[in-house]
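Shown next: model.tsv, containing TSV, C-alpha atoms.
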chain	number	residue	atom	x	y	z
A	956	ASP	CA	-16.37	-8.09	9.62
A	957	ALA	CA	-12.85	-8.65	10.80
A	958	GLY	CA	-10.21	-7.02	8.69
A	959	VAL	CA	-6.77	-8.35	7.90
A	960	ILE	CA	-5.14	-9.54	11.08
A	961	GLN	CA	-1.40	-9.41	11.64
A	962	SER	CA	0.68	-10.63	14.52
A	963	PRO	CA	2.71	-9.64	16.33
A	964	ARG	CA	2.12	-5.90	16.13
A	965	HIS	CA	5.61	-5.19	17.39
A	966	GLU	CA	8.68	-7.40	17.33
A	967	VAL	CA	12.11	-6.63	18.69
A	968	THR	CA	14.80	-9.18	18.06
A	969	GLU	CA	18.54	-9.50	17.93
A	970	MET	CA	20.54	-9.81	14.78
A	971	GLY	CA	20.82	-13.41	13.66
A	972	GLN	CA	17.54	-14.53	15.15
A	973	GLU	CA	14.68	-15.97	13.17
A	974	VAL	CA	11.58	-13.81	12.86
A	975	THR	CA	8.15	-15.00	11.78
A	976	LEU	CA	5.38	-12.59	10.90
A	977	ARG	CA	1.82	-13.84	10.59
A	978	CYS	CA	-1.19	-12.76	8.60
A	979	LYS	CA	-4.82	-13.78	8.41
A	980	PRO	CA	-6.52	-12.33	5.32
A	981	ILE	CA	-10.14	-11.33	5.06
A	982	SER	CA	-12.32	-14.37	4.57
A	983	GLY	CA	-13.13	-14.94	0.92
A	984	HIS	CA	-10.21	-12.93	-0.41
A	985	ASP	CA	-8.07	-14.96	-2.76
A	986	TYR	CA	-5.13	-12.58	-3.11
A	987	LEU	CA	-2.63	-11.91	-0.35
A	988	PHE	CA	0.23	-9.42	-0.45
A	989	TRP	CA	3.23	-8.75	1.77
A	990	TYR	CA	4.67	-5.22	1.76
A	991	ARG	CA	7.56	-3.60	3.56
A	992	GLN	CA	7.70	0.08	4.47
A	993	THR	CA	10.89	1.93	5.31
A	994	MET	CA	11.84	5.57	5.29
A	995	MET	CA	14.49	4.98	2.65
A	996	ARG	CA	12.56	2.79	0.21
A	997	GLY	CA	8.95	3.64	0.97
A	998	LEU	CA	6.32	0.96	0.43
A	999	GLU	CA	7.48	-1.97	-1.62
A	1000	LEU	CA	5.79	-5.22	-2.51
A	1001	LEU	CA	7.69	-8.28	-1.41
A	1002	ILE	CA	5.51	-11.14	-2.64
A	1003	TYR	CA	1.92	-11.95	-3.45
A	1004	PHE	CA	-0.19	-15.09	-3.55
A	1005	ASN	CA	-3.27	-16.10	-5.48
A	1006	ASN	CA	-5.28	-19.00	-4.13
A	1007	ASN	CA	-2.39	-19.84	-1.78
A	1008	VAL	CA	0.12	-20.05	-4.64
A	1009	PRO	CA	3.01	-17.57	-4.82
A	1010	ILE	CA	2.66	-15.59	-8.03
A	1011	ASP	CA	5.43	-13.03	-7.88
A	1012	ASP	CA	8.25	-13.00	-5.36
A	1013	SER	CA	10.52	-10.66	-7.29
A	1014	GLY	CA	10.40	-8.15	-4.45
A	1015	MET	CA	11.79	-10.51	-1.86
A	1016	PRO	CA	15.14	-8.96	-1.00
A	1017	GLU	CA	17.22	-12.11	-0.60
A	1018	ASP	CA	17.21	-15.73	0.38
A	1019	ARG	CA	16.90	-14.83	4.03
A	1020	PHE	CA	13.28	-13.99	3.35
A	1021	SER	CA	10.67	-16.65	2.73
A	1022	ALA	CA	6.87	-16.61	2.65
A	1023	LYS	CA	4.30	-19.35	2.77
A	1024	MET	CA	0.56	-19.63	2.55
A	1025	PRO	CA	-0.44	-23.11	3.70
A	1026	ASN	CA	-4.15	-22.35	3.47
A	1027	ALA	CA	-6.57	-19.62	2.51
A	1028	SER	CA	-6.67	-18.13	5.98
A	1029	PHE	CA	-3.02	-17.96	6.98
A	1030	SER	CA	0.30	-16.73	5.68
A	1031	THR	CA	3.74	-16.27	7.18
A	1032	LEU	CA	6.74	-14.17	6.28
A	1033	LYS	CA	9.95	-15.48	7.76
A	1034	ILE	CA	13.33	-13.82	8.02
A	1035	GLN	CA	16.26	-16.05	8.90
A	1036	PRO	CA	18.74	-14.81	9.95
A	1037	SER	CA	17.51	-11.29	10.65
A	1038	GLU	CA	19.71	-8.24	10.17
A	1039	PRO	CA	19.36	-4.62	11.41
A	1040	ARG	CA	18.55	-3.47	7.86
A	1041	ASP	CA	15.42	-5.60	7.99
A	1042	SER	CA	13.94	-3.18	10.52
A	1043	ALA	CA	10.73	-1.89	8.95
A	1044	VAL	CA	6.96	-2.06	9.11
A	1045	TYR	CA	5.66	-5.13	7.34
A	1046	PHE	CA	2.13	-4.99	6.01
A	1047	CYS	CA	-0.07	-7.79	4.86
A	1048	ALA	CA	-2.98	-6.98	2.52
A	1049	SER	CA	-5.69	-9.02	0.86
A	1050	SER	CA	-8.14	-8.54	-1.97
A	1051	THR	CA	-10.63	-10.32	-4.15
A	1052	GLY	CA	-9.83	-11.15	-7.74
A	1053	GLY	CA	-13.06	-9.99	-9.22
A	1054	GLY	CA	-15.16	-6.89	-9.26
A	1055	LYS	CA	-14.11	-3.34	-8.89
A	1056	PRO	CA	-11.73	-1.97	-7.92
A	1057	TYR	CA	-9.47	-4.79	-6.77
A	1058	GLU	CA	-9.03	-2.78	-3.62
A	1059	GLN	CA	-6.39	-4.10	-1.29
A	1060	TYR	CA	-7.29	-4.11	2.38
A	1061	PHE	CA	-4.27	-3.65	4.59
A	1062	GLY	CA	-3.61	-5.07	8.01
A	1063	PRO	CA	-2.32	-2.89	10.85
A	1064	GLY	CA	1.28	-3.86	10.15
A	1065	THR	CA	4.07	-5.41	12.20
A	1066	ARG	CA	6.81	-3.07	13.32
A	1067	LEU	CA	10.04	-5.06	13.30
A	1068	THR	CA	13.16	-3.83	15.04
A	1069	VAL	CA	16.35	-5.83	14.68
A	1070	THR	CA	19.13	-4.77	17.05
B	1438	ALA	CA	8.33	-0.43	-15.56
B	1439	GLN	CA	5.64	1.48	-13.74
B	1440	LYS	CA	6.48	4.62	-11.83
B	1441	ILE	CA	4.50	6.87	-9.50
B	1442	THR	CA	5.74	10.36	-8.64
B	1443	GLN	CA	4.53	12.50	-5.78
B	1444	THR	CA	6.51	15.72	-5.77
B	1445	GLN	CA	5.10	17.31	-2.63
B	1446	PRO	CA	6.76	15.90	0.48
B	1447	GLY	CA	4.60	17.97	2.82
B	1448	MET	CA	1.70	20.39	2.75
B	1449	PHE	CA	-0.16	22.58	5.20
B	1450	VAL	CA	-3.84	23.36	4.80
B	1451	GLN	CA	-6.25	25.39	6.85
B	1452	GLU	CA	-9.22	23.58	8.33
B	1453	LYS	CA	-12.30	23.70	6.06
B	1454	GLU	CA	-10.24	24.54	2.99
B	1455	ALA	CA	-9.58	22.25	0.03
B	1456	VAL	CA	-6.20	20.74	-0.74
B	1457	THR	CA	-4.86	19.09	-3.90
B	1458	LEU	CA	-2.22	16.39	-3.76
B	1459	ASP	CA	-0.27	15.81	-6.94
B	1460	CYS	CA	0.42	12.45	-8.48
B	1461	THR	CA	1.86	11.62	-11.88
B	1462	TYR	CA	2.38	8.15	-13.25
B	1463	ASP	CA	4.16	6.46	-16.07
B	1464	THR	CA	3.10	3.27	-17.79
B	1465	SER	CA	2.86	1.97	-21.32
B	1466	ASP	CA	-0.01	-0.35	-20.43
B	1467	PRO	CA	-3.37	1.02	-21.65
B	1468	SER	CA	-5.25	-0.67	-18.82
B	1469	TYR	CA	-4.39	0.41	-15.31
B	1470	GLY	CA	-5.89	1.49	-12.03
B	1471	LEU	CA	-4.94	4.38	-9.81
B	1472	PHE	CA	-5.45	4.40	-6.05
B	1473	TRP	CA	-5.06	6.76	-3.16
B	1474	TYR	CA	-4.39	5.54	0.36
B	1475	LYS	CA	-4.24	7.44	3.63
B	1476	GLN	CA	-1.79	6.54	6.39
B	1477	PRO	CA	-2.47	8.34	9.67
B	1478	SER	CA	0.11	8.48	12.42
B	1479	SER	CA	-1.27	5.24	13.85
B	1480	GLY	CA	0.22	3.51	10.81
B	1481	GLU	CA	-2.64	1.69	9.10
B	1482	MET	CA	-3.22	2.05	5.37
B	1483	ILE	CA	-6.73	3.21	4.50
B	1484	PHE	CA	-8.09	2.98	0.96
B	1485	LEU	CA	-9.66	6.26	-0.18
B	1486	ILE	CA	-10.49	6.23	-3.87
B	1487	TYR	CA	-9.93	4.40	-7.14
B	1488	GLN	CA	-9.84	5.46	-10.80
B	1489	GLY	CA	-9.71	3.05	-13.71
B	1490	SER	CA	-7.94	4.08	-16.89
B	1491	TYR	CA	-11.08	3.54	-18.94
B	1492	ASP	CA	-13.42	5.28	-16.55
B	1493	GLN	CA	-15.09	8.20	-18.28
B	1494	GLN	CA	-15.79	10.21	-15.17
B	1495	ASN	CA	-13.53	11.32	-12.37
B	1496	ALA	CA	-13.98	9.25	-9.23
B	1497	THR	CA	-15.51	10.76	-6.13
B	1498	GLU	CA	-15.93	9.37	-2.62
B	1499	GLY	CA	-17.43	11.78	-0.16
B	1500	ARG	CA	-14.96	14.61	0.39
B	1501	TYR	CA	-12.38	12.92	-1.84
B	1502	SER	CA	-12.25	13.37	-5.57
B	1503	LEU	CA	-9.69	12.29	-8.09
B	1504	ASN	CA	-8.77	14.73	-10.86
B	1505	PHE	CA	-7.80	12.29	-13.60
B	1506	GLN	CA	-6.05	13.79	-16.62
B	1507	LYS	CA	-5.12	10.85	-18.77
B	1508	ALA	CA	-3.18	12.74	-21.44
B	1509	ARG	CA	-1.03	14.34	-18.80
B	1510	LYS	CA	-0.77	11.09	-16.84
B	1511	SER	CA	-1.83	12.74	-13.65
B	1512	ALA	CA	-4.21	11.59	-10.92
B	1513	ASN	CA	-4.41	14.32	-8.33
B	1514	LEU	CA	-6.39	13.85	-5.13
B	1515	VAL	CA	-8.59	16.68	-3.97
B	1516	ILE	CA	-9.74	16.75	-0.36
B	1517	SER	CA	-12.52	19.24	0.16
B	1518	ALA	CA	-13.44	20.90	3.46
B	1519	SER	CA	-10.34	19.65	5.26
B	1520	GLN	CA	-10.72	18.37	8.80
B	1521	LEU	CA	-8.14	17.94	11.54
B	1522	GLY	CA	-8.51	14.19	11.12
B	1523	ASP	CA	-7.25	14.47	7.56
B	1524	SER	CA	-3.73	15.07	8.85
B	1525	ALA	CA	-1.84	12.05	7.57
B	1526	MET	CA	0.47	10.73	4.88
B	1527	TYR	CA	-1.21	10.17	1.53
B	1528	PHE	CA	0.03	7.68	-1.03
B	1529	CYS	CA	-0.78	7.44	-4.70
B	1530	ALA	CA	-0.50	3.95	-6.19
B	1531	MET	CA	-0.93	2.25	-9.54
B	1532	ARG	CA	-1.77	-1.25	-10.67
B	1533	VAL	CA	-1.37	-2.51	-14.21
B	1534	TYR	CA	-2.07	-5.95	-15.69
B	1535	ASP	CA	-1.22	-7.86	-12.53
B	1536	TYR	CA	-2.37	-7.21	-9.01
B	1537	LYS	CA	0.76	-5.52	-7.76
B	1538	LEU	CA	0.54	-1.97	-6.45
B	1539	SER	CA	3.39	0.46	-7.03
B	1540	PHE	CA	3.38	3.31	-4.53
B	1541	GLY	CA	4.64	6.86	-4.68
B	1542	ALA	CA	6.80	8.35	-1.94
B	1543	GLY	CA	3.81	9.95	-0.25
B	1544	THR	CA	2.75	13.45	0.77
B	1545	THR	CA	2.31	14.51	4.38
B	1546	VAL	CA	-0.72	16.71	4.95
B	1547	THR	CA	-1.05	18.77	8.09
B	1548	VAL	CA	-4.38	20.45	8.72
B	1549	ARG	CA	-4.22	23.59	10.84
B	1550	ALA	CA	-7.11	24.72	13.03
Could I get this structure in the form of structure tokens?
Amino acid sequence: DAGVIQSPRHEVTEMGQEVTLRCKPISGHDYLFWYRQTMMRGLELLIYFNNNVPIDDSGMPEDRFSAKMPNASFSTLKIQPSEPRDSAVYFCASSTGGGKPYEQYFGPGTRLTVT
Amino acid sequence: AQKITQTQPGMFVQEKEAVTLDCTYDTSDPSYGLFWYKQPSSGEMIFLIYQGSYDQQNATEGRYSLNFQKARKSANLVISASQLGDSAMYFCAMRVYDYKLSFGAGTTVTVRA
């Protein structure tokens, strides 16, 4: 089975540019999560969706960040305009809502560098 | 608010020996789940083991076991018979009533041959 797919794996962009990160969750999973990992702040949840609906976006740092899930098999995280402090690894994860243990399966991550 | 504390930034262990990674948590919610993830140098996050707050027995998955001490609010990970491939960063995480995971700062494990 294919795991969570993220693209691109690496992104280098200049400050002020728009960045779009993409995620395809595991088929049949109805929860999708976006995380950010930095040395300073560790792993932090940005937003999560249930059945394509955003449930909690309290971790989104500011209005420059937006996330969408137009269907069950695709989600995007957009940063506009990007800033150097946005440089991080962004992970997408998915899980099912039922059963044990609500394990979240992580994608390989997108390493974003904003210069 | 939920909080996960991992006090060991880095550890060295000899191959074939056991190592214990500490994790303490803080929550007022009686129902919660505790997770351990492994992050090797390649960067992916790999689920290792899960313990529910109402589970009567400590969780085990192969060489991984979770030493769950509810009264002390600790959920230490024990890796038995360490292998070179166990060298990685290990994260403890907790989930309460919602589906959000809160992660600790992580512990780097280096296995020596």
- Item | chain A contacts on chain B, all atoms listed in the file, 8 Å, as a ChimeraX atom specification | /B:1470,1480-1484,1487,1489,1536-1542
Mind giving me the axis-aligned box for stretch 1023-1037 of chain A with 3 Å on every side, centre plus edges in Å to one decimal, as JSON?
{"center_x": 6.0, "center_y": -17.2, "center_z": 6.6, "size_x": 31.4, "size_y": 17.8, "size_z": 14.1}
- Task: Considering only C-alpha atoms, return as JSON, numbers by chain whatever protein or nucleic-acid residues lie within 7 Å of B:Tyr1469, sequence-local ones (same chain, fewer than 4 positions apart) excluded.
- Result: {"B": [1489, 1490, 1531, 1532, 1533, 1534]}
Let me see the file: selected residues, C-alpha atoms, as a short mmCIF file (atom, residue, chain, number, x, y, z; two decimals), in the frame of the given file.
data_model
loop_
_atom_site.label_atom_id
_atom_site.label_comp_id
_atom_site.auth_asym_id
_atom_site.auth_seq_id
_atom_site.Cartn_x
_atom_site.Cartn_y
_atom_site.Cartn_z
CA GLY B 1489 -9.71 3.05 -13.71
CA SER B 1490 -7.94 4.08 -16.89
CA MET B 1531 -0.93 2.25 -9.54
CA ARG B 1532 -1.77 -1.25 -10.67
CA VAL B 1533 -1.37 -2.51 -14.21
CA TYR B 1534 -2.07 -5.95 -15.69
#
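Picture a line from atom CA of B:Ile1441 to atom CA of B:Gln1493; it runs 21.5 Å.
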- Item | B:Ser1502 surroundings by only C-alpha atoms, 8 Å radius, close-in-sequence under 4 positions cut, as a PyMOL selection string | chain B and resi 1486+1495-1498+1514-1516
- If we count only C-alpha atoms, what is near A:Pro1036 at a cut-off of 12 Å, once residues fewer than 4 positions away on the same chain are taken out, given as number ranges by chain? A: 968-975, 1017-1021, 1040-1041, 1069
- Message: Using only C-alpha atoms - which residues lie no farther than 7 Å from the point (6.7, 15.5, 0.3) in the file's frame? Write them as JSON, numbers by chain.
- Response: {"B": [1444, 1445, 1446, 1447, 1543, 1544, 1545]}
- Work out how far atom CA of B:Lys1510 is from atom CA of B:Cys1460, in Å to one decimal.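 We find that atom CA of B:Cys1460 and atom CA of B:Lys1510 lie 8.6 Å from each other.
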- Task: Would you kindly identify which residues have an atom no farther than 12 Å from (-10.1, -15.9, 5.7), using all atoms listed in the file and the file's own coordinates, and write them out as JSON, numbers by chain?
- Result: {"A": [956, 957, 958, 959, 960, 978, 979, 980, 981, 982, 983, 984, 985, 986, 987, 1006, 1007, 1024, 1026, 1027, 1028, 1029, 1030, 1048, 1049, 1050, 1051]}
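Here atom CA of B:Ala1530 is placed at a distance of 26.1 Å from atom CA of B:Lys1453.
The shell of residues at most 12 Å from B:Ala1508, with all atoms listed in the file counted and near chain neighbours (fewer than 6 positions) removed, consists of Thr1461, Tyr1462, Asp1463, Thr1464, Pro1467 and Ser1490 of chain B.
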Keeping only C-alpha atoms, take the residues you just selected and write them out as a tab-separated table (two decimals), in the coordinates of the input.
chain	number	residue	atom	x	y	z
B	1461	THR	CA	1.86	11.62	-11.88
B	1462	TYR	CA	2.38	8.15	-13.25
B	1463	ASP	CA	4.16	6.46	-16.07
B	1464	THR	CA	3.10	3.27	-17.79
B	1467	PRO	CA	-3.37	1.02	-21.65
B	1490	SER	CA	-7.94	4.08	-16.89
- Query: For B:Ser1465, which of B:Ser1524, B:Ser1479, B:Gln1494, B:Gln1439 is the closest residue, counting all atoms listed in the file?
  - Reply: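 Of the candidates, the smallest distance to B:Ser1465 is held by B:Gln1439.
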- Message: Residues near B:Ala1550, anyone? I mean within 10 Å using all atoms listed in the file, not counting same-chain ones fewer than 5 positions away, as a PyMOL selection string.
- Response: chain B and resi 1450-1453+1519-1521
Keeping only C-alpha atoms, write those residues as a compact mmCIF listing (two decimals), in the coordinates of the input.
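Output file selection_25.txt follows:
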# COMPACT_ATOMS: atom_id res chain seq x y z
CA VAL B 1450 -3.84 23.36 4.80
CA GLN B 1451 -6.25 25.39 6.85
CA GLU B 1452 -9.22 23.58 8.33
CA LYS B 1453 -12.30 23.70 6.06
CA SER B 1519 -10.34 19.65 5.26
CA GLN B 1520 -10.72 18.37 8.80
CA LEU B 1521 -8.14 17.94 11.54
What would stretch 1455-1469 of chain B look like with N, CA, C and O atoms restored, written as a PDB file, in the coordinates of the input?
ATOM      1  N   ALA B1455      -9.877  23.383   0.887  1.00  0.00           N
ATOM      2  CA  ALA B1455      -9.580  22.250   0.030  1.00  0.00           C
ATOM      3  C   ALA B1455      -8.072  22.159  -0.200  1.00  0.00           C
ATOM      4  O   ALA B1455      -7.355  23.162  -0.134  1.00  0.00           O
ATOM      5  N   VAL B1456      -7.612  20.942  -0.444  1.00  0.00           N
ATOM      6  CA  VAL B1456      -6.200  20.740  -0.740  1.00  0.00           C
ATOM      7  C   VAL B1456      -6.079  19.735  -1.883  1.00  0.00           C
ATOM      8  O   VAL B1456      -6.880  18.797  -1.989  1.00  0.00           O
ATOM      9  N   THR B1457      -5.112  19.972  -2.747  1.00  0.00           N
ATOM     10  CA  THR B1457      -4.860  19.090  -3.900  1.00  0.00           C
ATOM     11  C   THR B1457      -3.494  18.452  -3.755  1.00  0.00           C
ATOM     12  O   THR B1457      -2.486  19.154  -3.588  1.00  0.00           O
ATOM     13  N   LEU B1458      -3.471  17.140  -3.819  1.00  0.00           N
ATOM     14  CA  LEU B1458      -2.220  16.390  -3.760  1.00  0.00           C
ATOM     15  C   LEU B1458      -1.884  15.865  -5.141  1.00  0.00           C
ATOM     16  O   LEU B1458      -2.717  15.226  -5.783  1.00  0.00           O
ATOM     17  N   ASP B1459      -0.668  16.158  -5.577  1.00  0.00           N
ATOM     18  CA  ASP B1459      -0.270  15.810  -6.940  1.00  0.00           C
ATOM     19  C   ASP B1459       0.229  14.379  -7.050  1.00  0.00           C
ATOM     20  O   ASP B1459       0.897  13.857  -6.146  1.00  0.00           O
ATOM     21  N   CYS B1460      -0.076  13.784  -8.178  1.00  0.00           N
ATOM     22  CA  CYS B1460       0.420  12.450  -8.480  1.00  0.00           C
ATOM     23  C   CYS B1460       0.539  12.312  -9.995  1.00  0.00           C
ATOM     24  O   CYS B1460      -0.427  12.567 -10.725  1.00  0.00           O
ATOM     25  N   THR B1461       1.700  11.958 -10.470  1.00  0.00           N
ATOM     26  CA  THR B1461       1.860  11.620 -11.880  1.00  0.00           C
ATOM     27  C   THR B1461       2.348  10.187 -11.974  1.00  0.00           C
ATOM     28  O   THR B1461       2.972   9.660 -11.048  1.00  0.00           O
ATOM     29  N   TYR B1462       2.048   9.556 -13.090  1.00  0.00           N
ATOM     30  CA  TYR B1462       2.380   8.150 -13.250  1.00  0.00           C
ATOM     31  C   TYR B1462       2.948   7.926 -14.640  1.00  0.00           C
ATOM     32  O   TYR B1462       2.786   8.767 -15.540  1.00  0.00           O
ATOM     33  N   ASP B1463       3.579   6.809 -14.792  1.00  0.00           N
ATOM     34  CA  ASP B1463       4.160   6.460 -16.070  1.00  0.00           C
ATOM     35  C   ASP B1463       3.956   4.975 -16.302  1.00  0.00           C
ATOM     36  O   ASP B1463       4.400   4.148 -15.502  1.00  0.00           O
ATOM     37  N   THR B1464       3.284   4.657 -17.386  1.00  0.00           N
ATOM     38  CA  THR B1464       3.100   3.270 -17.790  1.00  0.00           C
ATOM     39  C   THR B1464       2.794   3.240 -19.271  1.00  0.00           C
ATOM     40  O   THR B1464       2.219   4.189 -19.812  1.00  0.00           O
ATOM     41  N   SER B1465       3.181   2.156 -19.905  1.00  0.00           N
ATOM     42  CA  SER B1465       2.860   1.970 -21.320  1.00  0.00           C
ATOM     43  C   SER B1465       1.645   1.060 -21.493  1.00  0.00           C
ATOM     44  O   SER B1465       1.180   0.840 -22.602  1.00  0.00           O
ATOM     45  N   ASP B1466       1.154   0.539 -20.384  1.00  0.00           N
ATOM     46  CA  ASP B1466      -0.010  -0.350 -20.430  1.00  0.00           C
ATOM     47  C   ASP B1466      -1.271   0.498 -20.546  1.00  0.00           C
ATOM     48  O   ASP B1466      -1.451   1.451 -19.774  1.00  0.00           O
ATOM     49  N   PRO B1467      -2.162   0.202 -21.490  1.00  0.00           N
ATOM     50  CA  PRO B1467      -3.370   1.020 -21.650  1.00  0.00           C
ATOM     51  C   PRO B1467      -4.401   0.787 -20.557  1.00  0.00           C
ATOM     52  O   PRO B1467      -5.299   1.612 -20.359  1.00  0.00           O
ATOM     53  N   SER B1468      -4.289  -0.340 -19.874  1.00  0.00           N
ATOM     54  CA  SER B1468      -5.250  -0.670 -18.820  1.00  0.00           C
ATOM     55  C   SER B1468      -4.540  -0.608 -17.467  1.00  0.00           C
ATOM     56  O   SER B1468      -3.588  -1.354 -17.238  1.00  0.00           O
ATOM     57  N   TYR B1469      -5.021   0.268 -16.618  1.00  0.00           N
ATOM     58  CA  TYR B1469      -4.390   0.410 -15.310  1.00  0.00           C
ATOM     59  C   TYR B1469      -5.393   1.007 -14.327  1.00  0.00           C
ATOM     60  O   TYR B1469      -6.450   1.508 -14.714  1.00  0.00           O
TER      61      TYR B1469
END
